[in-house]
Amino acid sequence: MRILLIAAANSITGGGERHVADLATGLTQRGLEVAIAAPAGGAMAVLAGELGAAYFDVDVYGGKARAEIRAALHVFKPDIVHAHGSRAALFARQADLRAAERCVVTLHGLQGAHGFGSFAKLALERRVKDKTAAFITVCKSDRDKAAQLGILDPNKTTVIYNGVPLPPLEQLTRWRDEQVLACEAGFDADAPMLLHVGRLDPEKNQRGLLHAFAWLLARERDARLALVCVGDTAKRAKLEQLAAKLNVTHAVAWLTPRANLTPLYASCDAFVLPSHWEGLPYTILEAMVAATPVVASNVDGIPEAVVPEVTGFLEKPNDSEALAETLEDALNLTGAQRREMGENARAGIEQRFSLERMIDNTVAIYEGVGILDESSTSC
């Protein structure tokens, strides 16, 4: 089977692109022939080279996207065209005359309550809905919102959760014992430590997190906050100015993004993600697989992964004071309680969110294209 994966970006740091990279690797390991279409250069092109996969330059934000996809289809002749994200999926279905019989579309999160920013864009999505062999969403929340918007066919839709690899438990214990986060951040190892990982975009709500952290410190709660954020320096500078204004700079560290953040997840006391909206964020799953309790907003796909008081804490979005109170609850856990919550989180990943499960379920969609029925809507 020949699979053409179409991505909107050439990095592998964003959730959708990370998904494509993991899928390309797993499919290749299973003996499927894979090609990747994405913007020129970047880590995605490097990955294709490492996998021995064909790489086609397609700029989904440029004016030639449809022609570039047609060229890739002509050269590679795929059995399945798997497009990721709304722009890539729109152009793929417009470019491929056989889209209705071989195009699989994965949605990686719908922004806010409406998902798509304009009536014109919604109209385009609805127009190409029938030119789709199968839809995949990464959480039930996205499936339900997209169905309400009329941009997918529920009878052709499968929920396949994002999946992450399972690092060995003994390695997690070693990172925890070595206090990796405290050492890198320059924190006192005895201070409770919070970790946040996310893009420097408004929906990730780092501003709200800093306000909540300031409230926490104002209650004379000893704590430290480390942030690993990807984005332009101007956005980070504004957040650093806010931290100074809130008088929390002494307790905040900004760490360098890198491919493997598991040592940081494993060595913090809690991971926090106060987003305004999400699909099913990889950062939550990565923290959970590292056996770390999670504090996150109760939005979109997050409650499908985080079980309150069992694997972490869910907080209503856009309420910094409530978030601060929940962070305090997380930091007040005893060592035994924290270990139990972390073990529950790890077990949840093993059962429902493993990388192997994600790839296996996706391959099953490929094999079933053309014979999908209502039974395909199960998770």
# chains A, B, ... in the order shown; residues from 1 in each chain; ligands from 1

call {"tool": "residues_around", "arguments": {"residues": "Pro154 (chain A)", "least_positions_apart": "2", "cutoff": "8 Å", "atoms": "only C-alpha atoms", "output": "list of chain:residue names"}}
result
A:Arg143, A:Ala147, A:Leu152, A:Lys156, A:Thr157, A:Thr377

call {"tool": "write_last_selection", "arguments": {"atoms": "N, CA and C atoms", "output": "tab-separated table (two decimals), in the first residue's frame"}}
result
chain	number	residue	atom	x	y	z
A	143	ARG	N	-14.96	15.51	16.82
A	143	ARG	CA	-15.93	14.82	15.96
A	143	ARG	C	-17.31	15.45	16.10
A	147	ALA	N	-19.21	17.66	13.25
A	147	ALA	CA	-20.49	17.18	12.75
A	147	ALA	C	-21.55	18.27	12.83
A	152	LEU	N	-18.01	17.28	8.30
A	152	LEU	CA	-17.65	15.88	8.13
A	152	LEU	C	-18.91	15.03	8.14
A	156	LYS	N	-18.73	8.32	8.31
A	156	LYS	CA	-17.41	8.02	7.76
A	156	LYS	C	-16.29	8.44	8.72
A	157	THR	N	-16.65	8.67	9.99
A	157	THR	CA	-15.70	9.26	10.92
A	157	THR	C	-15.30	8.29	12.02
A	377	THR	N	-17.58	4.44	13.42
A	377	THR	CA	-17.59	5.62	14.29
A	377	THR	C	-17.15	5.30	15.70

call {"tool": "select_by_dssp", "arguments": {"residues": "region 79-173 of chain A", "states": "strand (DSSP E or B)", "output": "ChimeraX atom specification"}}
result
/A:80-84,103-107,111,115,134-137,157-159,164

call {"tool": "select_by_dssp", "arguments": {"residues": "region 86-138 of chain A", "states": "helix (DSSP H, G or I)", "output": "ChimeraX atom specification"}}
result
/A:86-95,99-102,119-128

call {"tool": "write_last_selection", "arguments": {"atoms": "N, CA, C and O atoms", "output": "mmCIF file, in the first residue's frame"}}
result
data_model
loop_
_atom_site.group_PDB
_atom_site.id
_atom_site.type_symbol
_atom_site.label_atom_id
_atom_site.label_comp_id
_atom_site.auth_asym_id
_atom_site.auth_seq_id
_atom_site.Cartn_x
_atom_site.Cartn_y
_atom_site.Cartn_z
ATOM 1 N N SER A 86 -6.898 21.549 8.193
ATOM 2 C CA SER A 86 -7.958 22.008 7.302
ATOM 3 C C SER A 86 -7.460 22.479 5.947
ATOM 4 O O SER A 86 -8.045 22.147 4.913
ATOM 5 N N ARG A 87 -6.359 23.241 5.897
ATOM 6 C CA ARG A 87 -5.886 23.754 4.599
ATOM 7 C C ARG A 87 -5.350 22.626 3.720
ATOM 8 O O ARG A 87 -5.666 22.551 2.532
ATOM 9 N N ALA A 88 -4.536 21.753 4.306
ATOM 10 C CA ALA A 88 -4.006 20.630 3.537
ATOM 11 C C ALA A 88 -5.146 19.755 3.020
ATOM 12 O O ALA A 88 -5.136 19.299 1.867
ATOM 13 N N ALA A 89 -6.139 19.528 3.869
ATOM 14 C CA ALA A 89 -7.258 18.669 3.473
ATOM 15 C C ALA A 89 -8.106 19.316 2.383
ATOM 16 O O ALA A 89 -8.568 18.649 1.451
ATOM 17 N N LEU A 90 -8.311 20.618 2.482
ATOM 18 C CA LEU A 90 -9.100 21.319 1.464
ATOM 19 C C LEU A 90 -8.431 21.218 0.101
ATOM 20 O O LEU A 90 -9.059 20.829 -0.894
ATOM 21 N N PHE A 91 -7.140 21.534 0.037
ATOM 22 C CA PHE A 91 -6.439 21.511 -1.241
ATOM 23 C C PHE A 91 -6.287 20.089 -1.776
ATOM 24 O O PHE A 91 -6.351 19.868 -2.989
ATOM 25 N N ALA A 92 -6.086 19.118 -0.893
ATOM 26 C CA ALA A 92 -5.948 17.731 -1.338
ATOM 27 C C ALA A 92 -7.220 17.263 -2.044
ATOM 28 O O ALA A 92 -7.169 16.627 -3.104
ATOM 29 N N ARG A 93 -8.367 17.590 -1.461
ATOM 30 C CA ARG A 93 -9.630 17.136 -2.053
ATOM 31 C C ARG A 93 -9.976 17.904 -3.325
ATOM 32 O O ARG A 93 -10.616 17.367 -4.227
ATOM 33 N N GLN A 94 -9.530 19.147 -3.408
ATOM 34 C CA GLN A 94 -9.741 19.900 -4.643
ATOM 35 C C GLN A 94 -8.827 19.420 -5.762
ATOM 36 O O GLN A 94 -9.192 19.466 -6.941
ATOM 37 N N ALA A 95 -7.637 18.930 -5.390
ATOM 38 C CA ALA A 95 -6.641 18.547 -6.386
ATOM 39 C C ALA A 95 -6.841 17.127 -6.907
ATOM 40 O O ALA A 95 -6.495 16.828 -8.061
ATOM 41 N N ALA A 99 -10.480 11.722 -4.955
ATOM 42 C CA ALA A 99 -10.520 11.983 -3.517
ATOM 43 C C ALA A 99 -11.619 11.197 -2.809
ATOM 44 O O ALA A 99 -11.415 10.673 -1.705
ATOM 45 N N ALA A 100 -12.765 11.063 -3.408
ATOM 46 C CA ALA A 100 -13.895 10.405 -2.746
ATOM 47 C C ALA A 100 -13.610 8.945 -2.426
ATOM 48 O O ALA A 100 -14.236 8.371 -1.528
ATOM 49 N N GLU A 101 -12.686 8.341 -3.164
ATOM 50 C CA GLU A 101 -12.404 6.922 -2.930
ATOM 51 C C GLU A 101 -11.092 6.663 -2.204
ATOM 52 O O GLU A 101 -10.854 5.531 -1.757
ATOM 53 N N ARG A 102 -10.223 7.704 -2.039
ATOM 54 C CA ARG A 102 -8.942 7.404 -1.393
ATOM 55 C C ARG A 102 -8.444 8.485 -0.442
ATOM 56 O O ARG A 102 -7.390 8.309 0.190
ATOM 57 N N PHE A 119 -17.749 32.182 7.315
ATOM 58 C CA PHE A 119 -18.783 31.437 6.597
ATOM 59 C C PHE A 119 -18.251 30.933 5.261
ATOM 60 O O PHE A 119 -18.616 29.847 4.805
ATOM 61 N N ALA A 120 -17.380 31.707 4.630
ATOM 62 C CA ALA A 120 -16.826 31.294 3.339
ATOM 63 C C ALA A 120 -16.011 30.012 3.489
ATOM 64 O O ALA A 120 -16.121 29.090 2.669
ATOM 65 N N LYS A 121 -15.199 29.956 4.545
ATOM 66 C CA LYS A 121 -14.389 28.762 4.756
ATOM 67 C C LYS A 121 -15.259 27.563 5.105
ATOM 68 O O LYS A 121 -15.020 26.440 4.637
ATOM 69 N N LEU A 122 -16.285 27.802 5.915
ATOM 70 C CA LEU A 122 -17.209 26.712 6.234
ATOM 71 C C LEU A 122 -17.894 26.202 4.977
ATOM 72 O O LEU A 122 -18.063 24.985 4.803
ATOM 73 N N ALA A 123 -18.277 27.105 4.108
ATOM 74 C CA ALA A 123 -18.943 26.699 2.868
ATOM 75 C C ALA A 123 -18.029 25.829 2.014
ATOM 76 O O ALA A 123 -18.467 24.829 1.434
ATOM 77 N N LEU A 124 -16.750 26.190 1.941
ATOM 78 C CA LEU A 124 -15.785 25.379 1.190
ATOM 79 C C LEU A 124 -15.648 23.988 1.801
ATOM 80 O O LEU A 124 -15.623 22.978 1.083
ATOM 81 N N GLU A 125 -15.545 23.943 3.135
ATOM 82 C CA GLU A 125 -15.409 22.649 3.804
ATOM 83 C C GLU A 125 -16.627 21.763 3.549
ATOM 84 O O GLU A 125 -16.494 20.561 3.315
ATOM 85 N N ARG A 126 -17.792 22.352 3.604
ATOM 86 C CA ARG A 126 -19.008 21.567 3.370
ATOM 87 C C ARG A 126 -19.082 21.083 1.933
ATOM 88 O O ARG A 126 -19.582 19.987 1.655
ATOM 89 N N ARG A 127 -18.534 21.885 1.019
ATOM 90 C CA ARG A 127 -18.581 21.524 -0.397
ATOM 91 C C ARG A 127 -17.700 20.317 -0.707
ATOM 92 O O ARG A 127 -18.026 19.516 -1.580
ATOM 93 N N VAL A 128 -16.567 20.197 0.003
ATOM 94 C CA VAL A 128 -15.654 19.083 -0.287
ATOM 95 C C VAL A 128 -15.882 17.893 0.635
ATOM 96 O O VAL A 128 -15.173 16.883 0.537
#

call {"tool": "closest_residue", "arguments": {"among": "A:Gly342, A:Tyr61, A:Ala266, A:Ile160", "to": "Ser354 (chain A)", "atoms": "only C-alpha atoms"}}
result
A:Ile160

call {"tool": "atom_distance", "arguments": {"atom1": "CA of Leu4 (chain A)", "atom2": "CA of Ala37 (chain A)"}}
result
7.1 Å

call {"tool": "closest_residue", "arguments": {"among": "A:Ala182, A:Ala223, A:Val230, A:Ala347", "to": "Arg199 (chain A)", "atoms": "only C-alpha atoms"}}
result
A:Val230
